[in-house]
$ cat data.cif   # mmCIF, C-alpha atoms
data_coords
loop_
_atom_site.label_atom_id
_atom_site.label_comp_id
_atom_site.auth_asym_id
_atom_site.auth_seq_id
_atom_site.Cartn_x
_atom_site.Cartn_y
_atom_site.Cartn_z
CA THR G 1 233.17 10.21 166.61
CA GLN G 2 235.93 11.34 168.94
CA THR G 3 235.54 14.53 170.94
CA PRO G 4 238.27 16.94 169.78
CA ARG G 5 240.83 17.60 172.50
CA PRO G 6 241.44 21.19 173.61
CA TYR G 7 244.15 22.87 171.59
CA SER G 8 246.94 22.54 174.13
CA ALA G 9 249.11 25.23 172.51
CA ASN G 10 246.56 27.76 173.77
CA ILE G 11 246.48 26.42 177.35
CA VAL G 12 248.97 28.66 179.16
CA LYS G 13 250.47 27.05 182.26
CA THR G 14 252.59 29.97 183.46
CA LEU G 15 253.63 33.55 182.67
CA PHE G 16 256.77 35.26 183.97
CA GLU G 17 258.29 38.71 183.47
CA ASP G 18 262.08 38.75 183.81
CA SER G 19 264.28 41.63 185.01
CA ARG G 20 264.69 42.84 181.42
CA GLY G 21 260.96 43.27 180.91
CA ASN G 22 260.52 40.25 178.65
CA ILE G 23 257.62 37.83 179.13
CA TRP G 24 258.14 34.07 179.29
CA VAL G 25 255.07 32.03 178.27
CA ALA G 26 254.86 28.26 178.80
CA THR G 27 251.96 26.27 177.36
CA LYS G 28 250.57 22.84 178.05
CA ASN G 29 251.89 21.35 174.82
CA GLY G 30 255.49 22.03 175.94
CA ALA G 31 256.07 25.28 174.05
CA LEU G 32 258.15 28.01 175.72
CA ASN G 33 258.10 31.42 174.04
CA LEU G 34 259.67 34.78 174.80
CA TYR G 35 257.79 38.04 174.17
CA ASN G 36 258.79 41.67 174.63
CA HIS G 37 256.85 44.15 176.77
CA LYS G 38 254.56 44.91 173.80
CA LEU G 39 253.71 41.18 173.65
CA GLU G 40 255.49 40.84 170.31
CA LYS G 41 257.04 37.38 170.02
CA ILE G 42 260.83 37.49 170.13
CA ARG G 43 261.48 33.78 169.64
CA SER G 44 260.72 30.25 170.71
CA LEU G 45 262.96 28.98 173.52
CA ASN G 46 262.42 25.27 172.98
CA TYR G 47 266.00 24.92 171.73
CA LEU G 48 267.04 25.34 175.39
CA PHE G 49 266.01 21.71 175.98
CA HIS G 50 267.54 18.51 174.67
CA GLY G 51 264.98 16.17 173.17
CA GLU G 52 261.31 16.56 174.03
CA SER G 53 260.37 19.89 175.57
CA PRO G 54 259.37 19.74 179.25
CA ASN G 55 255.99 20.72 180.63
CA VAL G 56 257.06 23.95 182.38
CA TYR G 57 254.81 24.78 185.37
CA CYS G 58 256.70 27.62 187.05
CA ILE G 59 259.46 30.15 186.32
CA GLN G 60 261.58 32.23 188.73
CA GLU G 61 264.59 34.52 188.31
CA ASP G 62 267.21 34.69 191.05
CA ASN G 63 269.34 37.68 192.08
CA LYS G 64 272.24 36.51 189.87
CA GLY G 65 270.21 36.53 186.65
CA TYR G 66 269.61 32.79 186.47
CA ILE G 67 266.17 31.68 185.27
CA TRP G 68 264.84 28.61 187.11
CA LEU G 69 262.25 26.55 185.21
CA GLY G 70 260.24 23.96 187.10
CA ALA G 71 258.68 21.19 185.04
CA LYS G 72 255.97 18.66 185.80
CA GLY G 73 257.76 15.33 185.67
CA GLN G 74 261.12 16.52 184.37
CA GLY G 75 262.49 18.36 187.39
CA LEU G 76 264.48 21.57 187.12
CA TYR G 77 266.17 23.57 184.34
CA ILE G 78 268.49 26.56 184.89
CA ILE G 79 269.70 29.08 182.29
CA HIS G 80 271.33 32.51 182.66
CA LEU G 81 269.73 35.49 180.94
CA ASP G 82 273.08 36.25 179.29
CA SER G 83 273.33 32.70 177.91
CA LEU G 84 269.98 32.13 176.23
CA GLN G 85 271.74 30.90 173.10
CA GLN G 86 272.97 27.86 175.06
CA ALA G 87 271.10 24.82 176.32
CA ALA G 88 269.68 24.96 179.83
CA ARG G 89 271.23 22.86 182.59
CA HIS G 90 268.92 20.04 183.62
CA PHE G 91 268.70 18.70 187.18
CA GLU G 92 266.60 15.95 188.70
CA LEU G 93 265.75 16.35 192.35
CA PRO G 94 266.72 13.45 194.65
CA GLU G 95 263.86 11.36 195.99
CA PRO G 96 263.24 11.85 199.75
CA VAL G 97 262.43 8.13 199.95
CA PRO G 98 264.34 6.34 197.16
CA GLY G 99 262.04 4.48 194.80
CA VAL G 100 258.90 5.67 196.60
CA SER G 101 258.39 9.43 196.44
CA LYS G 102 258.24 11.58 193.33
CA ASN G 103 260.31 14.76 193.55
CA ASN G 104 260.43 15.91 189.92
CA GLN G 105 256.89 17.29 189.66
CA VAL G 106 258.00 20.89 190.25
CA TYR G 107 254.94 23.10 190.79
CA THR G 108 256.39 26.24 192.38
CA ILE G 109 259.72 28.06 192.90
CA LEU G 110 260.34 30.90 195.35
CA GLN G 111 263.36 33.12 196.04
CA ASP G 112 263.17 34.35 199.63
CA GLN G 113 264.37 37.62 201.14
CA GLN G 114 267.80 36.08 201.78
CA GLN G 115 268.01 35.09 198.08
CA ARG G 116 267.59 31.41 198.89
CA ILE G 117 265.71 29.27 196.37
CA TRP G 118 262.89 27.03 197.59
CA ILE G 119 261.37 24.45 195.24
CA GLY G 120 257.93 22.99 195.89
CA THR G 121 257.13 19.63 194.34
CA PHE G 122 253.97 17.57 194.05
CA GLY G 123 254.84 14.34 195.81
CA GLY G 124 258.33 15.14 197.11
CA GLY G 125 257.79 18.02 199.51
CA MET G 126 259.92 21.16 199.47
CA ASN G 127 263.59 21.57 198.61
CA LEU G 128 266.12 24.27 199.46
CA ALA G 129 268.38 24.48 196.40
CA VAL G 130 271.88 25.97 196.29
CA TYR G 131 273.25 26.51 192.78
CA SER G 132 276.90 27.42 192.28
CA GLY G 133 277.06 27.41 188.47
CA GLY G 134 277.65 24.75 185.85
CA HIS G 135 276.39 21.37 186.99
CA HIS G 136 276.93 22.15 190.68
CA ILE G 137 273.73 22.11 192.71
CA SER G 138 272.70 20.77 196.11
CA PHE G 139 269.26 20.11 197.58
CA ARG G 140 267.96 19.85 201.13
CA ASN G 141 264.52 18.33 201.44
CA PHE G 142 261.70 19.22 203.82
CA PHE G 143 258.30 17.50 204.20
CA GLY G 144 259.16 14.90 201.54
CA THR G 145 258.56 12.03 203.97
CA HIS G 146 255.54 13.76 205.56
CA GLU G 147 252.49 11.88 204.29
CA THR G 148 250.16 14.90 204.34
CA LEU G 149 252.57 17.72 203.38
CA LYS G 150 254.52 16.30 200.45
CA ASP G 151 252.23 17.86 197.80
CA ILE G 152 253.25 21.54 197.53
CA ARG G 153 251.25 23.61 195.03
CA CYS G 154 252.25 27.24 195.68
CA MET G 155 254.46 29.44 197.89
CA GLN G 156 254.50 33.08 198.98
CA GLN G 157 256.79 34.97 201.37
CA ASP G 158 255.12 37.75 203.31
CA ARG G 159 256.62 41.09 204.33
CA LYS G 160 257.47 39.70 207.79
CA GLY G 161 259.59 36.96 206.22
CA ASN G 162 257.19 34.05 206.79
CA ILE G 163 256.89 31.57 203.93
CA TRP G 164 253.36 30.32 203.26
CA ALA G 165 252.95 27.12 201.27
CA GLY G 166 249.72 25.80 199.80
CA THR G 167 249.48 22.03 199.89
CA ASN G 168 246.88 19.39 199.07
CA ASN G 169 246.33 19.07 202.82
CA GLY G 170 246.14 22.59 204.19
CA LEU G 171 248.04 25.86 204.49
CA LEU G 172 251.59 25.66 205.82
CA VAL G 173 253.56 28.58 207.29
CA PHE G 174 257.11 28.78 208.65
CA LYS G 175 260.00 31.14 209.32
CA PRO G 176 262.77 29.91 206.99
CA ASP G 177 265.64 30.42 209.46
CA GLU G 178 263.75 28.46 212.11
CA LEU G 179 262.85 25.62 209.72
CA LEU G 180 266.51 25.29 208.73
CA GLN G 181 267.34 24.75 212.42
CA ASN G 182 264.34 22.52 213.18
CA SER G 183 262.40 20.68 210.48
CA ASN G 184 259.32 20.61 212.74
CA ALA G 185 259.21 24.40 213.18
CA PHE G 186 256.08 25.06 211.15
CA THR G 187 252.35 25.65 211.62
CA LEU G 188 249.68 23.89 209.57
CA TYR G 189 246.14 25.21 209.13
CA ARG G 190 243.59 22.67 207.94
CA SER G 191 239.89 22.47 207.26
CA ASP G 192 237.96 21.12 210.23
CA PRO G 193 234.17 20.61 210.23
CA GLY G 194 234.20 21.42 213.95
CA GLN G 195 235.78 24.83 213.32
CA PRO G 196 233.38 27.13 211.46
CA ASN G 197 236.07 29.81 211.06
CA GLY G 198 238.67 27.48 209.58
CA LEU G 199 239.61 26.82 205.97
CA THR G 200 236.75 25.52 203.85
CA SER G 201 239.06 23.41 201.64
CA ASN G 202 242.47 21.86 202.27
CA VAL G 203 243.55 22.10 198.62
CA ILE G 204 245.35 25.47 198.39
CA LYS G 205 246.05 26.52 194.79
CA ILE G 206 247.24 30.13 195.17
CA ILE G 207 248.45 32.45 197.95
CA CYS G 208 248.42 36.25 197.74
CA GLU G 209 249.59 38.99 200.11
CA ASP G 210 247.71 42.28 199.71
CA HIS G 211 249.00 45.83 200.24
CA LYS G 212 247.96 45.69 203.89
CA GLY G 213 250.01 42.55 204.48
CA ARG G 214 246.96 40.28 204.69
CA ILE G 215 247.30 36.71 203.41
CA TRP G 216 244.64 35.31 201.08
CA ALA G 217 244.40 31.65 200.05
CA GLY G 218 242.58 30.51 196.92
CA THR G 219 241.24 26.99 197.28
CA SER G 220 239.83 24.18 195.19
CA GLY G 221 236.16 24.15 196.07
CA GLY G 222 236.16 26.48 199.07
CA GLY G 223 236.51 29.90 197.44
CA ILE G 224 239.00 32.36 198.94
CA SER G 225 239.97 32.62 202.60
CA ARG G 226 241.65 35.56 204.34
CA PHE G 227 243.92 34.70 207.27
CA VAL G 228 243.19 36.69 210.43
CA PRO G 229 246.11 36.42 212.89
CA ALA G 230 245.60 35.62 216.54
CA GLY G 231 244.92 38.57 218.84
CA LYS G 232 245.50 39.01 222.57
CA ASP G 233 242.30 37.17 223.42
CA SER G 234 241.48 35.34 220.19
CA ALA G 235 242.87 32.49 218.15
CA ALA G 236 243.78 32.85 214.47
CA TYR G 237 240.93 32.18 212.07
CA PHE G 238 239.91 32.49 208.40
CA GLU G 239 237.26 34.69 206.80
CA THR G 240 235.94 32.95 203.68
CA PHE G 241 234.22 34.27 200.55
CA THR G 242 232.51 31.94 198.06
CA THR G 243 229.91 32.05 195.29
CA GLN G 244 227.44 33.04 198.01
CA GLN G 245 229.31 36.35 198.26
CA GLY G 246 229.58 36.74 194.48
CA LEU G 247 232.68 34.76 193.53
CA SER G 248 232.32 33.36 189.99
CA HIS G 249 233.26 29.82 191.13
CA ASP G 250 234.59 28.18 194.29
CA ILE G 251 237.53 26.56 192.47
CA VAL G 252 240.15 29.34 192.41
CA ASN G 253 243.15 29.12 190.08
CA GLY G 254 244.86 32.50 190.47
CA MET G 255 244.78 35.74 192.42
CA LEU G 256 246.48 39.14 191.99
CA GLU G 257 246.05 42.55 193.58
CA ASP G 258 245.97 45.68 191.39
CA GLU G 259 247.17 49.19 192.24
CA GLN G 260 243.69 50.13 193.48
CA GLY G 261 243.75 47.33 196.06
CA ASP G 262 241.23 45.13 194.26
CA LEU G 263 241.85 41.40 194.03
CA TRP G 264 241.48 39.79 190.59
CA ILE G 265 240.54 36.15 191.02
CA SER G 266 240.54 33.65 188.18
CA THR G 267 238.26 30.67 188.72
CA GLU G 268 236.83 27.72 186.81
CA ASN G 269 234.04 30.04 185.68
CA GLY G 270 235.73 33.27 184.65
CA LEU G 271 237.23 36.26 186.43
CA THR G 272 236.07 38.04 189.58
CA ARG G 273 237.15 41.49 190.77
CA PHE G 274 236.90 41.51 194.54
#
$ encode --input "data.cif" --output "structure tokens"
Amino acid sequence: TQTPRPYSANIVKTLFEDSRGNIWVATKNGALNLYNHKLEKIRSLNYLFHGESPNVYCIQEDNKGYIWLGAKGQGLYIIHLDSLQQAARHFELPEPVPGVSKNNQVYTILQDQQQRIWIGTFGGGMNLAVYSGGHHISFRNFFGTHETLKDIRCMQQDRKGNIWAGTNNGLLVFKPDELLQNSNAFTLYRSDPGQPNGLTSNVIKIICEDHKGRIWAGTSGGGISRFVPAGKDSAAYFETFTTQQGLSHDIVNGMLEDEQGDLWISTENGLTRF
């Protein structure tokens, strides 16, 4: 007998609240649904796509009211909130190395403090996207030819303007204006057995900034790590918390801070309030 597969319609890949208070819900089976603030379903949005519905992994709204949908394998879709009755515009991201690198596995989208859109892909690095309406879009790629940094899982901009990116090979941080001038203007933090106060895993799945401006990284297998910046006489380091400190599992999938300052951490074995 075959083992029944998990019901993929109930596997939620991403949730997003838009500027009008509506909730976008994308599931693993390709469904995209819109709910109101009471979680009453308004309608399915699968008519936005031509043909088979994409596997939407991330959703972001820009300052002009455009919704950016990143899909695993299908690239990028853009639709304006005022035009939800129309089909979304579909864009494939150019390959950093033609025929070699994959750039359409879009895992994360970030709008920075200057309203620029950054797109993180799994296999093609990071892209700065400029959209001017219709079918007009341009991309500038970073890290796509970098063997260890081309897999971008998550991004977060902190209050100082730094962009942190979680990769499959460590935690990346850069100042966007400096990176635009110099593609090597970044710092990479990696796990190192010789550094007891380093990251405990290089696979970074989620990044969170708390109300004190501290950066937390959720990892795959190493629990959560808090970044401690360098001081006058000390180098930067990480303080790590794992199942030994009460975390429900060391594979962390999500992290959010509530109004009381507690972190809610979803793992492979439930939910932890930290």
$ residues_around --input "data.cif" --residues "G:Asp250" --least-positions-apart "2" --cutoff "7 Å" --atoms "all atoms listed in the file" --output "list in words"
Ser220, Gly221, Gly222, Gly223, Thr242, Thr243, Leu247 and Val252 of chain G
$ atom_distance --input "data.cif" --atom1 "atom CA of G:Cys58" --atom2 "atom CA of G:Gly21"
17.3 Å
$ atom_distance --input "data.cif" --atom1 "atom CA of G:Leu45" --atom2 "atom CA of G:Lys72"
17.5 Å
$ resolve_selection --input "data.cif" --expression "the PyMOL selection byres ((chain G and resi 14) around 9)" --output "short mmCIF file (atom, residue, chain, number, x, y, z; two decimals) with C-alpha atoms, in the frame of the given file"
data_model
loop_
_atom_site.label_atom_id
_atom_site.label_comp_id
_atom_site.auth_asym_id
_atom_site.auth_seq_id
_atom_site.Cartn_x
_atom_site.Cartn_y
_atom_site.Cartn_z
CA VAL G 12 248.97 28.66 179.16
CA LYS G 13 250.47 27.05 182.26
CA LEU G 15 253.63 33.55 182.67
CA PHE G 16 256.77 35.26 183.97
CA TRP G 24 258.14 34.07 179.29
CA VAL G 25 255.07 32.03 178.27
CA ALA G 26 254.86 28.26 178.80
CA THR G 27 251.96 26.27 177.36
CA VAL G 56 257.06 23.95 182.38
CA TYR G 57 254.81 24.78 185.37
CA CYS G 58 256.70 27.62 187.05
CA ILE G 59 259.46 30.15 186.32
#
$ closest_residue --input "data.cif" --among "G:Asn22, G:Asn141, G:Ser83, G:Ser234" --to "G:Tyr66" --atoms "only C-alpha atoms"
G:Ser83
$ closest_residue --input "data.cif" --among "G:Phe274, G:Tyr77, G:Phe143, G:Tyr189" --to "G:Arg89" --atoms "all atoms listed in the file"
G:Tyr77
$ resolve_selection --input "data.cif" --expression "the PyMOL selection byres ((chain G and resi 239) around 9)" --output "count of residues only"
12
$ atom_distance --input "data.cif" --atom1 "atom CA of G:Ala165" --atom2 "atom CA of G:Thr121"
11.0 Å
